[in-house]
Each structure stands twice: as C-alpha cells, then as structure tokens.
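Okay, run_13.txt now, which holds compact mmCIF, C-alpha atoms:
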```
# COMPACT_ATOMS: atom_id res chain seq x y z
CA MET A 1 3.55 -26.78 -28.83
CA SER A 2 3.10 -27.67 -25.15
CA SER A 3 1.09 -25.33 -22.93
CA VAL A 4 1.76 -23.98 -19.46
CA THR A 5 -1.55 -23.37 -17.72
CA ARG A 6 -2.52 -22.39 -14.19
CA PHE A 7 -5.40 -22.45 -11.77
CA ALA A 8 -5.22 -19.47 -9.42
CA PRO A 9 -7.87 -19.45 -6.68
CA SER A 10 -8.11 -16.97 -3.81
CA PRO A 11 -8.25 -18.59 -0.34
CA ASN A 12 -11.17 -16.55 0.94
CA GLY A 13 -13.77 -19.30 0.76
CA LEU A 14 -14.34 -22.91 -0.24
CA LEU A 15 -14.22 -23.92 -3.89
CA HIS A 16 -17.46 -24.58 -5.75
CA ILE A 17 -18.30 -26.43 -8.93
CA GLY A 18 -17.50 -23.37 -11.05
CA HIS A 19 -13.93 -23.46 -9.75
CA ALA A 20 -13.82 -27.15 -10.65
CA LEU A 21 -14.64 -26.25 -14.25
CA SER A 22 -11.77 -23.73 -14.39
CA ALA A 23 -9.28 -26.07 -12.75
CA ILE A 24 -10.18 -29.09 -14.87
CA ILE A 25 -10.07 -27.15 -18.15
CA ALA A 26 -6.64 -25.70 -17.30
CA HIS A 27 -5.39 -29.12 -16.16
CA ASP A 28 -6.66 -30.95 -19.23
CA VAL A 29 -5.35 -28.36 -21.71
CA ALA A 30 -1.86 -28.85 -20.31
CA ARG A 31 -2.04 -32.62 -20.07
CA LYS A 32 -3.44 -32.97 -23.59
CA ASN A 33 -0.19 -31.83 -25.20
CA GLY A 34 2.35 -32.80 -22.56
CA GLY A 35 2.41 -29.38 -20.98
CA ARG A 36 2.61 -28.13 -17.40
CA PHE A 37 -0.25 -27.38 -15.01
CA LEU A 38 0.49 -24.94 -12.19
CA LEU A 39 -1.38 -24.04 -9.03
CA ARG A 40 -1.13 -20.48 -7.69
CA ILE A 41 -2.58 -19.18 -4.44
CA GLU A 42 -3.73 -15.61 -5.13
CA ASP A 43 -3.80 -14.26 -1.59
CA ILE A 44 -2.76 -10.63 -1.92
CA ASP A 45 -5.95 -9.85 0.01
CA VAL A 46 -4.24 -11.00 3.19
CA ALA A 47 -7.05 -9.78 5.45
CA ARG A 48 -9.42 -12.35 3.92
CA ARG A 49 -6.91 -15.17 3.56
CA ARG A 50 -7.60 -18.20 5.76
CA PRO A 51 -5.19 -21.15 6.19
CA GLU A 52 -8.12 -23.55 6.29
CA PHE A 53 -9.21 -22.38 2.86
CA VAL A 54 -5.70 -22.93 1.48
CA ALA A 55 -5.76 -26.47 2.84
CA ALA A 56 -9.24 -27.00 1.37
CA ILE A 57 -8.02 -25.95 -2.09
CA PHE A 58 -5.42 -28.72 -2.07
CA GLU A 59 -7.94 -31.20 -0.68
CA ASP A 60 -10.58 -30.43 -3.30
CA LEU A 61 -8.18 -30.48 -6.24
CA ASN A 62 -6.68 -33.78 -5.10
CA TRP A 63 -10.20 -35.20 -4.83
CA LEU A 64 -10.85 -34.10 -8.43
CA GLY A 65 -7.81 -36.15 -9.46
CA LEU A 66 -5.69 -33.17 -10.49
CA SER A 67 -1.93 -32.91 -10.03
CA TRP A 68 0.33 -29.89 -10.38
CA GLU A 69 3.94 -28.84 -10.22
CA GLU A 70 5.61 -27.97 -6.95
CA PRO A 71 6.35 -25.59 -5.39
CA VAL A 72 3.02 -23.76 -5.46
CA LEU A 73 3.41 -20.02 -5.92
CA VAL A 74 1.86 -18.05 -3.02
CA GLN A 75 1.39 -14.41 -3.94
CA SER A 76 1.72 -13.00 -0.42
CA GLU A 77 5.34 -14.20 -0.46
CA HIS A 78 6.17 -12.08 -3.51
CA PHE A 79 5.08 -8.52 -2.76
CA SER A 80 8.59 -7.26 -3.49
CA GLU A 81 8.32 -8.41 -7.12
CA TYR A 82 5.00 -6.61 -7.59
CA LEU A 83 6.44 -3.45 -6.09
CA ALA A 84 9.40 -3.70 -8.47
CA ALA A 85 6.99 -3.83 -11.41
CA ALA A 86 5.04 -0.89 -10.01
CA ASP A 87 8.28 1.04 -9.62
CA ARG A 88 8.95 0.60 -13.34
CA LEU A 89 5.60 2.20 -14.08
CA ILE A 90 6.38 5.00 -11.61
CA GLN A 91 9.68 5.67 -13.35
CA MET A 92 7.74 5.93 -16.61
CA GLY A 93 5.51 8.55 -14.99
CA LEU A 94 2.43 6.35 -15.32
CA LEU A 95 1.34 5.88 -11.69
CA TYR A 96 0.13 8.53 -9.28
CA PRO A 97 -0.99 8.45 -5.63
CA CYS A 98 -4.69 8.66 -4.86
CA PHE A 99 -6.11 9.19 -1.36
CA ALA A 100 -9.77 9.36 -2.41
CA THR A 101 -12.23 7.20 -0.49
CA ARG A 102 -14.96 5.16 -2.12
CA SER A 103 -17.57 7.64 -0.93
CA GLU A 104 -15.62 10.57 -2.35
CA ILE A 105 -15.27 8.81 -5.68
CA ALA A 106 -18.96 7.91 -5.76
CA ALA A 107 -19.94 11.50 -4.99
CA ALA A 108 -17.76 12.94 -7.77
CA ALA A 109 -18.21 10.25 -10.42
CA ASP A 110 -20.53 10.47 -13.40
CA PRO A 111 -23.28 7.90 -12.71
CA GLU A 112 -23.47 7.21 -16.44
CA LYS A 113 -19.83 6.08 -16.57
CA THR A 114 -18.77 2.75 -15.09
CA ASP A 115 -15.89 0.35 -15.58
CA PRO A 116 -16.41 -3.22 -16.89
CA ASP A 117 -17.04 -4.43 -13.33
CA GLY A 118 -19.86 -1.93 -12.92
CA ALA A 119 -17.98 0.32 -10.49
CA ALA A 120 -17.99 4.09 -10.86
CA LEU A 121 -15.35 5.21 -13.32
CA TYR A 122 -12.69 7.12 -11.38
CA PRO A 123 -13.24 10.88 -11.90
CA GLY A 124 -9.58 11.87 -11.60
CA LEU A 125 -9.74 13.45 -8.14
CA TRP A 126 -5.99 13.09 -7.48
CA ARG A 127 -4.72 13.05 -11.05
CA GLY A 128 -2.34 15.99 -11.33
CA ALA A 129 -2.27 16.68 -7.58
CA SER A 130 0.64 18.77 -6.37
CA ALA A 131 3.60 17.29 -4.53
CA GLU A 132 2.65 19.51 -1.59
CA ASP A 133 -0.87 18.05 -1.33
CA VAL A 134 0.47 14.53 -1.59
CA GLY A 135 3.16 15.26 0.98
CA GLN A 136 0.65 16.63 3.47
CA ARG A 137 -1.47 13.50 3.28
CA MET A 138 1.57 11.26 3.60
CA ALA A 139 2.80 13.27 6.59
CA ALA A 140 -0.61 12.77 8.20
CA GLY A 141 -0.11 9.03 7.94
CA ASP A 142 -2.54 8.40 5.09
CA SER A 143 -1.71 5.58 2.66
CA PRO A 144 -2.52 6.14 -1.01
CA ALA A 145 -3.48 3.74 -3.73
CA LEU A 146 -1.42 4.04 -6.90
CA ARG A 147 -3.52 4.55 -10.01
CA LEU A 148 -2.58 4.19 -13.65
CA ASN A 149 -2.74 7.40 -15.63
CA MET A 150 -4.64 5.83 -18.50
CA ASP A 151 -4.11 8.72 -20.91
CA GLY A 152 -0.37 8.60 -20.26
CA ALA A 153 -0.32 4.82 -20.56
CA LEU A 154 -2.05 4.91 -23.93
CA LYS A 155 0.44 7.51 -25.14
CA ALA A 156 3.31 5.33 -23.96
CA LEU A 157 1.74 2.38 -25.73
CA LYS A 158 1.45 4.34 -28.95
CA ALA A 159 5.07 5.42 -28.68
CA LYS A 160 6.06 1.73 -28.54
CA ARG A 161 3.63 0.28 -31.08
CA GLY A 162 2.75 3.17 -33.35
CA GLU A 163 -0.71 2.69 -34.83
CA LYS A 164 -0.62 -1.08 -34.31
CA PRO A 165 -3.67 -1.94 -32.13
CA LEU A 166 -3.35 -3.71 -28.80
CA THR A 167 -4.76 -7.20 -29.27
CA PHE A 168 -5.00 -10.62 -27.66
CA VAL A 169 -5.76 -14.09 -28.97
CA GLU A 170 -8.93 -15.68 -27.59
CA VAL A 171 -9.35 -19.43 -28.15
CA ALA A 172 -12.93 -20.68 -28.29
CA GLU A 173 -14.05 -23.95 -26.68
CA ASP A 174 -13.76 -25.69 -30.05
CA GLY A 175 -10.13 -24.58 -30.29
CA THR A 176 -10.67 -21.82 -32.85
CA PRO A 177 -8.39 -18.82 -32.23
CA GLU A 178 -9.64 -15.27 -32.72
CA THR A 179 -7.62 -12.07 -32.52
CA ARG A 180 -9.49 -9.43 -30.54
CA THR A 181 -8.77 -5.77 -29.94
CA ALA A 182 -8.15 -4.83 -26.31
CA GLU A 183 -9.85 -1.71 -24.94
CA PRO A 184 -8.03 -0.86 -21.69
CA GLU A 185 -9.43 2.68 -21.70
CA ARG A 186 -12.70 1.18 -20.46
CA TRP A 187 -11.06 0.79 -17.04
CA GLY A 188 -10.04 4.44 -16.69
CA ASP A 189 -7.34 5.23 -14.11
CA ALA A 190 -7.42 1.78 -12.53
CA VAL A 191 -5.80 0.96 -9.18
CA ILE A 192 -2.49 -0.81 -9.77
CA VAL A 193 -1.27 -0.83 -6.15
CA ARG A 194 -3.92 -0.93 -3.45
CA LYS A 195 -3.92 1.15 -0.26
CA ASP A 196 -3.90 -1.88 2.01
CA VAL A 197 -1.51 -4.21 0.16
CA PRO A 198 1.45 -3.50 -2.15
CA ALA A 199 -0.17 -4.97 -5.26
CA SER A 200 -3.47 -5.39 -7.09
CA TYR A 201 -5.03 -8.30 -8.92
CA HIS A 202 -4.20 -6.87 -12.34
CA LEU A 203 -0.54 -6.19 -11.52
CA SER A 204 0.15 -9.41 -9.64
CA VAL A 205 -1.43 -11.66 -12.25
CA VAL A 206 0.63 -10.34 -15.17
CA VAL A 207 3.85 -10.47 -13.15
CA ASP A 208 3.17 -14.03 -12.04
CA ASP A 209 2.05 -15.28 -15.46
CA ALA A 210 5.31 -13.96 -16.91
CA ARG A 211 7.47 -15.33 -14.09
CA GLN A 212 5.88 -18.77 -14.31
CA GLY A 213 6.01 -18.90 -18.10
CA VAL A 214 2.25 -19.28 -18.46
CA THR A 215 1.39 -19.62 -22.14
CA HIS A 216 -2.35 -20.25 -21.92
CA VAL A 217 -4.65 -18.45 -19.47
CA THR A 218 -7.93 -20.31 -18.98
CA ARG A 219 -10.51 -18.63 -16.74
CA GLY A 220 -14.17 -17.68 -16.55
CA GLN A 221 -16.04 -15.37 -18.89
CA ASP A 222 -16.43 -12.90 -16.01
CA LEU A 223 -12.73 -12.06 -16.34
CA LEU A 224 -12.75 -11.43 -20.09
CA ALA A 225 -12.79 -7.64 -19.71
CA ALA A 226 -9.82 -7.82 -17.33
CA THR A 227 -7.74 -9.02 -20.27
CA ASP A 228 -7.86 -5.52 -21.77
CA LEU A 229 -6.10 -3.92 -18.82
CA GLN A 230 -3.74 -6.83 -18.30
CA ARG A 231 -2.61 -6.74 -21.92
CA LEU A 232 -1.81 -3.05 -21.48
CA LEU A 233 0.31 -3.78 -18.40
CA GLN A 234 2.09 -6.61 -20.23
CA GLU A 235 3.04 -4.25 -23.04
CA LEU A 236 4.16 -1.44 -20.73
CA LEU A 237 6.27 -3.84 -18.63
CA ASP A 238 7.66 -5.77 -21.63
CA LEU A 239 6.09 -9.02 -20.44
CA PRO A 240 5.17 -11.93 -22.75
CA GLU A 241 1.64 -12.30 -24.06
CA PRO A 242 -0.19 -15.56 -23.30
CA VAL A 243 -3.12 -16.97 -25.23
CA TYR A 244 -6.49 -16.63 -23.50
CA SER A 245 -9.58 -18.81 -23.18
CA HIS A 246 -12.58 -17.59 -21.21
CA HIS A 247 -14.96 -20.44 -20.58
CA ARG A 248 -18.67 -20.34 -19.86
CA LEU A 249 -19.87 -19.74 -16.30
CA ILE A 250 -21.95 -22.22 -14.36
CA LYS A 251 -25.02 -20.38 -13.13
CA TRP A 252 -28.25 -21.00 -11.32
CA SER A 253 -31.44 -21.19 -13.36
CA ASN A 254 -32.13 -17.51 -12.55
CA GLY A 255 -28.91 -16.50 -14.28
CA GLN A 256 -26.91 -15.68 -11.14
CA LYS A 257 -23.37 -16.99 -11.04
CA LEU A 258 -22.14 -19.19 -8.23
CA SER A 259 -20.68 -17.53 -5.15
CA LYS A 260 -18.08 -18.55 -2.57
CA SER A 261 -19.93 -16.61 0.10
CA ASN A 262 -23.04 -18.77 -0.31
CA GLN A 263 -21.08 -21.97 -0.89
CA ASP A 264 -23.23 -22.60 -3.92
CA MET A 265 -22.54 -26.11 -5.18
CA GLY A 266 -19.48 -26.34 -2.91
CA LEU A 267 -17.11 -29.19 -3.71
CA ARG A 268 -16.75 -30.21 -0.07
CA ALA A 269 -20.52 -30.37 0.39
CA LEU A 270 -20.97 -32.36 -2.82
CA ARG A 271 -18.24 -34.79 -1.76
CA GLU A 272 -19.85 -35.26 1.66
CA GLU A 273 -23.16 -36.00 -0.08
CA GLY A 274 -21.49 -38.86 -1.95
CA ALA A 275 -20.54 -37.24 -5.26
CA THR A 276 -17.42 -38.50 -7.04
CA ALA A 277 -14.91 -36.69 -9.21
CA ASP A 278 -16.41 -38.43 -12.24
CA ASP A 279 -19.81 -37.08 -11.23
CA ILE A 280 -18.41 -33.55 -11.22
CA ARG A 281 -16.96 -33.96 -14.69
CA ARG A 282 -20.23 -35.32 -16.03
CA VAL A 283 -22.16 -32.39 -14.58
CA ILE A 284 -19.88 -29.59 -15.76
CA PHE A 285 -19.30 -30.99 -19.24
CA SER A 286 -22.86 -32.19 -19.93
```

What would you get if you wrote out this structure as structure tokens?
Amino acid sequence: MSSVTRFAPSPNGLLHIGHALSAIIAHDVARKNGGRFLLRIEDIDVARRRPEFVAAIFEDLNWLGLSWEEPVLVQSEHFSEYLAAADRLIQMGLLYPCFATRSEIAAAADPEKTDPDGAALYPGLWRGASAEDVGQRMAAGDSPALRLNMDGALKALKAKRGEKPLTFVEVAEDGTPETRTAEPERWGDAVIVRKDVPASYHLSVVVDDARQGVTHVTRGQDLLAATDLQRLLQELLDLPEPVYSHHRLIKWSNGQKLSKSNQDMGLRALREEGATADDIRRVIFS
C-alpha cells in the first residue's frame, strides 16, 4: 500500500540538520513504495512568519535532493477551514471561551500538574463561565482563546466508541507496528483556537492531514505526546486516522535538542562550509 507523507516546517527560522532527518525520512518512506511526498508550510503563527524563511525551506530541501507535489499547502491561506472544524466542536458543546492570561493561569495552577510540554495544566478558570461574563469581556474588546472541555470531549468519545480505547499505530524504525493507547486527558482543557489566530497547531494539523490524505505521519519524538490530543480531535471530527512514526532526535552531546533560534547545525551554514547532501545523509543515518 502506497503512503502519503508530509514534511511540515514552520517558517520562523532556518532549517537545521534535525529538520533534514524528518524531511528525508518522510520523503524516503513515500518514495520506497511509490507513494506521495507533500510539503506543507505551517505558518499559522503569522507574527513570526518570514518570507525569507519560506524561500529558505524550498532552497534547503532542493539542495537535499528532495522533490514534492505542487501546490504546497500554506496554512495561513486556510483559516476558514480550521474555523469550520472548530465550529463543529462548538456545536457539540466541546469548546468554551477563555480570557485568562498566562500569568493568571500560572497563579491559579497546581505546580504539581503540567501538560506533556511541561506547561502548567489549565486550572479551569473560565470553564463554566456565564454568558454574561463572557459577553462583558467581548464587549470590552477582549479576544478569547477557545479551549476544549476535556471532560466533555471524553464523554463524547465514549458515546461514540463505548469502552473501546482510543489508540494509534506507532511504527518503529525497523518497520514494526505497535498499537498504543492514547491519553488525551494529559493535556487538560487544551487551546484549540488561539487568541491571536483562528487556529492552533493541534487543530490545523489534523484538518490538513485529513484534507491532504496523509496516511503516514513521520515526525520527531518530541511530538509523540501530541498524538494523544490529535487522535482525540480526529475521532471527534470524524477524520481518518494515519499511521505514526516518531523518529529519534538529533541532539548535542549534553542532551539538548537542536534549536532554530540558535541555528544549531543549520543546513545553510553547513552548505556554505562545503557539505553536500550525501554528507548530511551519512551524518544523520550513521
């Protein structure tokens, strides 16, 4: 069965060798069985998007010898689709507005409870708020985030699936598939639509994977926990379930992962120093 894979970078910095690993794995998985490799520009964070970084993505991937289908999907051109998906969740009674600031959340949160990213687990400040309170904040010009009522979402999931657990298939580097149980409750009442843009990473990625027919999501181990919440959204929105592979991360000797902000092992810098695409493959697969 042919695979549809994708590489989905954010244009808020230059690509580094860790991105090369993700892109090459996704490309090679598709090419190995006559499948399709897609490129997606995940730029919902429009404030940090830079045209020069978009251009650099194409330049670096071409240098690596990768090719992809056109047209390239650019997320900032599809906010209406993400809002339509959010509206479905609203109609199900699963999203609610939240005006809490980060400082307010930090002050009210239990320091012993964090989400998989290490952030304070949302303490429910606006869960169950009255229409009057919400209306007053809206009238004052405040923009809310929309959060998922996790308890309600799990109840809706149970109504659809009964006692059948929420799972996903994780494929190891040697190709061995393993069925794992998703634990979306670890994320609490996660933000599904941000205050500043009409989407979030978790919502946009499941909508786009479904729209593009992605069958095999290959990405770094740091996004493994995100699969739990994304599988929940897929089930609630009746979206197809892809197979997942979360590859190892390339890190410094001290255990820290590479960073765009520091341009650690940046592809442009390596190219300017005389490295070739074959050199990159030898390094990342050695």

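Residue nearest A:Ala190, chosen from A:Arg211, A:His216, A:Arg271, A:Arg147 and counting all atoms listed in the file: A:Arg147.
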
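Going from atom CA of A:Phe99 over to atom CA of A:Val134, you cover 8.5 Å.
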
State, in Å with one decimal place, the distance from atom CA of A:Ala172 to atom CA of A:Leu232.
-> 21.9 Å

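With only C-alpha atoms as the atoms that count, the residue of A:Leu94, A:Ala139, A:Leu146, A:Val217 with the shortest distance to A:His27 is A:Val217.
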
Please build the interface table for stretch 11-40 of chain A against stretch 61-79 of chain A with a cut-off of 8 Å, listing for each qualifying residue the nearest atom pair and the distance in Å to one decimal; count all atoms listed in the file, order rows by chain and increasing number, and write it as CSV.
```
residue,atom,partner,partner_atom,distance
A:Ala20,CA,A:Leu64,CA,7.9
A:Ala23,CA,A:Leu61,CA,7.9
A:Ile24,CA,A:Leu66,CA,7.5
A:His27,CA,A:Leu66,CA,7.0
A:Arg36,CA,A:Glu69,CA,7.3
A:Phe37,CA,A:Trp68,CA,5.3
A:Leu38,CA,A:Trp68,CA,5.3
A:Leu39,CA,A:Val72,CA,5.7
A:Arg40,CA,A:Leu73,CA,4.9
```

Selection export as a compact mmCIF listing (two decimals), keeping the file's coordinate frame, atoms kept: C-alpha atoms:
```txt
# COMPACT_ATOMS: atom_id res chain seq x y z
CA ALA A 20 -13.82 -27.15 -10.65
CA ALA A 23 -9.28 -26.07 -12.75
CA ILE A 24 -10.18 -29.09 -14.87
CA HIS A 27 -5.39 -29.12 -16.16
CA ARG A 36 2.61 -28.13 -17.40
CA PHE A 37 -0.25 -27.38 -15.01
CA LEU A 38 0.49 -24.94 -12.19
CA LEU A 39 -1.38 -24.04 -9.03
CA ARG A 40 -1.13 -20.48 -7.69
```

Shell around A:Ala85 at 12 Å using all atoms listed in the file, local window under 4 positions removed, as a PyMOL selection string = chain A and resi 78-81+89-92+94-95+192-193+198-200+202-208+210-211+233-234+236-239

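Take the candidates A:Leu21, A:Pro9, A:Ala182, A:Gly34 and check each one against A:Phe53 using only C-alpha atoms; the shortest distance goes to A:Pro9.
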
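Between atom CA of A:Leu224 and atom CA of A:His246 there is a distance of 6.3 Å.
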
Using all atoms listed in the file, the best pick from A:Ala100, A:Ala275, A:Leu154, A:Val191 as closest to A:Arg231 would be A:Leu154

Test item: residues at most 7 Å from stretch 159-167 of chain A, all atoms listed in the file, excluding those fewer than 5 positions along its chain, as number ranges by chain = A: 179-182

Might you pull out every residue within 12 Å of A:Ala131, with all atoms listed in the file counted and same-chain residues fewer than 6 positions away left off, and present them as an MDAnalysis selection string?
-> chainID A and resid 96:98 137:139

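Distance check against A:Met265 using only C-alpha atoms: of A:Ile250, A:Ala55, A:Val243, A:Ile105, the minimum falls on A:Ile250.
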
Model the absent atoms of stretch 134-166 of chain A so that N, CA and C atoms are present, and write the result as a PDB file, in the coordinates of the input.
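Listed below is the output, part_38.pdb:
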```
ATOM      1  N   VAL A 134       0.141  15.932  -1.846  1.00  0.00           N
ATOM      2  CA  VAL A 134       0.470  14.530  -1.590  1.00  0.00           C
ATOM      3  C   VAL A 134       1.299  14.411  -0.327  1.00  0.00           C
ATOM      4  N   GLY A 135       2.295  15.296  -0.181  1.00  0.00           N
ATOM      5  CA  GLY A 135       3.160  15.260   0.980  1.00  0.00           C
ATOM      6  C   GLY A 135       2.415  15.475   2.283  1.00  0.00           C
ATOM      7  N   GLN A 136       1.438  16.373   2.274  1.00  0.00           N
ATOM      8  CA  GLN A 136       0.650  16.630   3.470  1.00  0.00           C
ATOM      9  C   GLN A 136      -0.135  15.396   3.903  1.00  0.00           C
ATOM     10  N   ARG A 137      -0.708  14.695   2.942  1.00  0.00           N
ATOM     11  CA  ARG A 137      -1.470  13.500   3.280  1.00  0.00           C
ATOM     12  C   ARG A 137      -0.548  12.378   3.775  1.00  0.00           C
ATOM     13  N   MET A 138       0.613  12.266   3.152  1.00  0.00           N
ATOM     14  CA  MET A 138       1.570  11.260   3.600  1.00  0.00           C
ATOM     15  C   MET A 138       2.058  11.568   5.007  1.00  0.00           C
ATOM     16  N   ALA A 139       2.328  12.853   5.263  1.00  0.00           N
ATOM     17  CA  ALA A 139       2.800  13.270   6.590  1.00  0.00           C
ATOM     18  C   ALA A 139       1.749  12.996   7.659  1.00  0.00           C
ATOM     19  N   ALA A 140       0.475  13.035   7.264  1.00  0.00           N
ATOM     20  CA  ALA A 140      -0.610  12.770   8.200  1.00  0.00           C
ATOM     21  C   ALA A 140      -0.813  11.277   8.444  1.00  0.00           C
ATOM     22  N   GLY A 141      -0.033  10.469   7.749  1.00  0.00           N
ATOM     23  CA  GLY A 141      -0.110   9.030   7.940  1.00  0.00           C
ATOM     24  C   GLY A 141      -1.081   8.318   7.020  1.00  0.00           C
ATOM     25  N   ASP A 142      -1.606   9.017   6.023  1.00  0.00           N
ATOM     26  CA  ASP A 142      -2.540   8.400   5.090  1.00  0.00           C
ATOM     27  C   ASP A 142      -1.787   7.583   4.029  1.00  0.00           C
ATOM     28  N   SER A 143      -2.322   6.430   3.693  1.00  0.00           N
ATOM     29  CA  SER A 143      -1.710   5.580   2.660  1.00  0.00           C
ATOM     30  C   SER A 143      -2.483   5.730   1.370  1.00  0.00           C
ATOM     31  N   PRO A 144      -1.807   6.002   0.268  1.00  0.00           N
ATOM     32  CA  PRO A 144      -2.520   6.140  -1.010  1.00  0.00           C
ATOM     33  C   PRO A 144      -2.564   4.830  -1.783  1.00  0.00           C
ATOM     34  N   ALA A 145      -3.533   4.737  -2.659  1.00  0.00           N
ATOM     35  CA  ALA A 145      -3.480   3.740  -3.730  1.00  0.00           C
ATOM     36  C   ALA A 145      -2.661   4.362  -4.857  1.00  0.00           C
ATOM     37  N   LEU A 146      -2.120   3.535  -5.718  1.00  0.00           N
ATOM     38  CA  LEU A 146      -1.420   4.040  -6.900  1.00  0.00           C
ATOM     39  C   LEU A 146      -2.278   3.697  -8.113  1.00  0.00           C
ATOM     40  N   ARG A 147      -2.673   4.729  -8.847  1.00  0.00           N
ATOM     41  CA  ARG A 147      -3.520   4.550 -10.010  1.00  0.00           C
ATOM     42  C   ARG A 147      -2.731   4.739 -11.299  1.00  0.00           C
ATOM     43  N   LEU A 148      -3.186   4.059 -12.336  1.00  0.00           N
ATOM     44  CA  LEU A 148      -2.580   4.190 -13.650  1.00  0.00           C
ATOM     45  C   LEU A 148      -3.149   5.410 -14.356  1.00  0.00           C
ATOM     46  N   ASN A 149      -2.287   6.284 -14.801  1.00  0.00           N
ATOM     47  CA  ASN A 149      -2.740   7.400 -15.630  1.00  0.00           C
ATOM     48  C   ASN A 149      -3.026   6.821 -17.016  1.00  0.00           C
ATOM     49  N   MET A 150      -4.290   6.544 -17.276  1.00  0.00           N
ATOM     50  CA  MET A 150      -4.640   5.830 -18.500  1.00  0.00           C
ATOM     51  C   MET A 150      -4.265   6.616 -19.739  1.00  0.00           C
ATOM     52  N   ASP A 151      -4.491   7.929 -19.738  1.00  0.00           N
ATOM     53  CA  ASP A 151      -4.110   8.720 -20.910  1.00  0.00           C
ATOM     54  C   ASP A 151      -2.616   8.615 -21.174  1.00  0.00           C
ATOM     55  N   GLY A 152      -1.825   8.718 -20.106  1.00  0.00           N
ATOM     56  CA  GLY A 152      -0.370   8.600 -20.260  1.00  0.00           C
ATOM     57  C   GLY A 152       0.037   7.215 -20.707  1.00  0.00           C
ATOM     58  N   ALA A 153      -0.643   6.199 -20.189  1.00  0.00           N
ATOM     59  CA  ALA A 153      -0.320   4.820 -20.560  1.00  0.00           C
ATOM     60  C   ALA A 153      -0.603   4.558 -22.031  1.00  0.00           C
ATOM     61  N   LEU A 154      -1.715   5.094 -22.513  1.00  0.00           N
ATOM     62  CA  LEU A 154      -2.050   4.910 -23.930  1.00  0.00           C
ATOM     63  C   LEU A 154      -1.065   5.640 -24.833  1.00  0.00           C
ATOM     64  N   LYS A 155      -0.583   6.790 -24.373  1.00  0.00           N
ATOM     65  CA  LYS A 155       0.440   7.510 -25.140  1.00  0.00           C
ATOM     66  C   LYS A 155       1.741   6.722 -25.165  1.00  0.00           C
ATOM     67  N   ALA A 156       2.099   6.146 -24.019  1.00  0.00           N
ATOM     68  CA  ALA A 156       3.310   5.330 -23.960  1.00  0.00           C
ATOM     69  C   ALA A 156       3.177   4.103 -24.855  1.00  0.00           C
ATOM     70  N   LEU A 157       1.990   3.538 -24.872  1.00  0.00           N
ATOM     71  CA  LEU A 157       1.740   2.380 -25.730  1.00  0.00           C
ATOM     72  C   LEU A 157       1.890   2.757 -27.198  1.00  0.00           C
ATOM     73  N   LYS A 158       1.356   3.897 -27.562  1.00  0.00           N
ATOM     74  CA  LYS A 158       1.450   4.340 -28.950  1.00  0.00           C
ATOM     75  C   LYS A 158       2.888   4.624 -29.341  1.00  0.00           C
ATOM     76  N   ALA A 159       3.668   5.144 -28.396  1.00  0.00           N
ATOM     77  CA  ALA A 159       5.070   5.420 -28.680  1.00  0.00           C
ATOM     78  C   ALA A 159       5.827   4.114 -28.968  1.00  0.00           C
ATOM     79  N   LYS A 160       5.404   3.020 -28.337  1.00  0.00           N
ATOM     80  CA  LYS A 160       6.060   1.730 -28.540  1.00  0.00           C
ATOM     81  C   LYS A 160       5.560   1.017 -29.780  1.00  0.00           C
ATOM     82  N   ARG A 161       4.247   1.095 -30.043  1.00  0.00           N
ATOM     83  CA  ARG A 161       3.630   0.280 -31.080  1.00  0.00           C
ATOM     84  C   ARG A 161       3.179   1.058 -32.305  1.00  0.00           C
ATOM     85  N   GLY A 162       3.272   2.383 -32.242  1.00  0.00           N
ATOM     86  CA  GLY A 162       2.750   3.170 -33.350  1.00  0.00           C
ATOM     87  C   GLY A 162       1.249   3.017 -33.434  1.00  0.00           C
ATOM     88  N   GLU A 163       0.740   2.834 -34.625  1.00  0.00           N
ATOM     89  CA  GLU A 163      -0.710   2.690 -34.830  1.00  0.00           C
ATOM     90  C   GLU A 163      -1.182   1.241 -34.726  1.00  0.00           C
ATOM     91  N   LYS A 164      -0.261   0.326 -34.422  1.00  0.00           N
ATOM     92  CA  LYS A 164      -0.620  -1.080 -34.310  1.00  0.00           C
ATOM     93  C   LYS A 164      -1.530  -1.274 -33.091  1.00  0.00           C
ATOM     94  N   PRO A 165      -2.730  -1.816 -33.258  1.00  0.00           N
ATOM     95  CA  PRO A 165      -3.670  -1.940 -32.130  1.00  0.00           C
ATOM     96  C   PRO A 165      -3.190  -2.956 -31.096  1.00  0.00           C
ATOM     97  N   LEU A 166      -3.632  -2.759 -29.877  1.00  0.00           N
ATOM     98  CA  LEU A 166      -3.350  -3.710 -28.800  1.00  0.00           C
ATOM     99  C   LEU A 166      -4.359  -4.850 -28.915  1.00  0.00           C
TER     100      LEU A 166
END
```
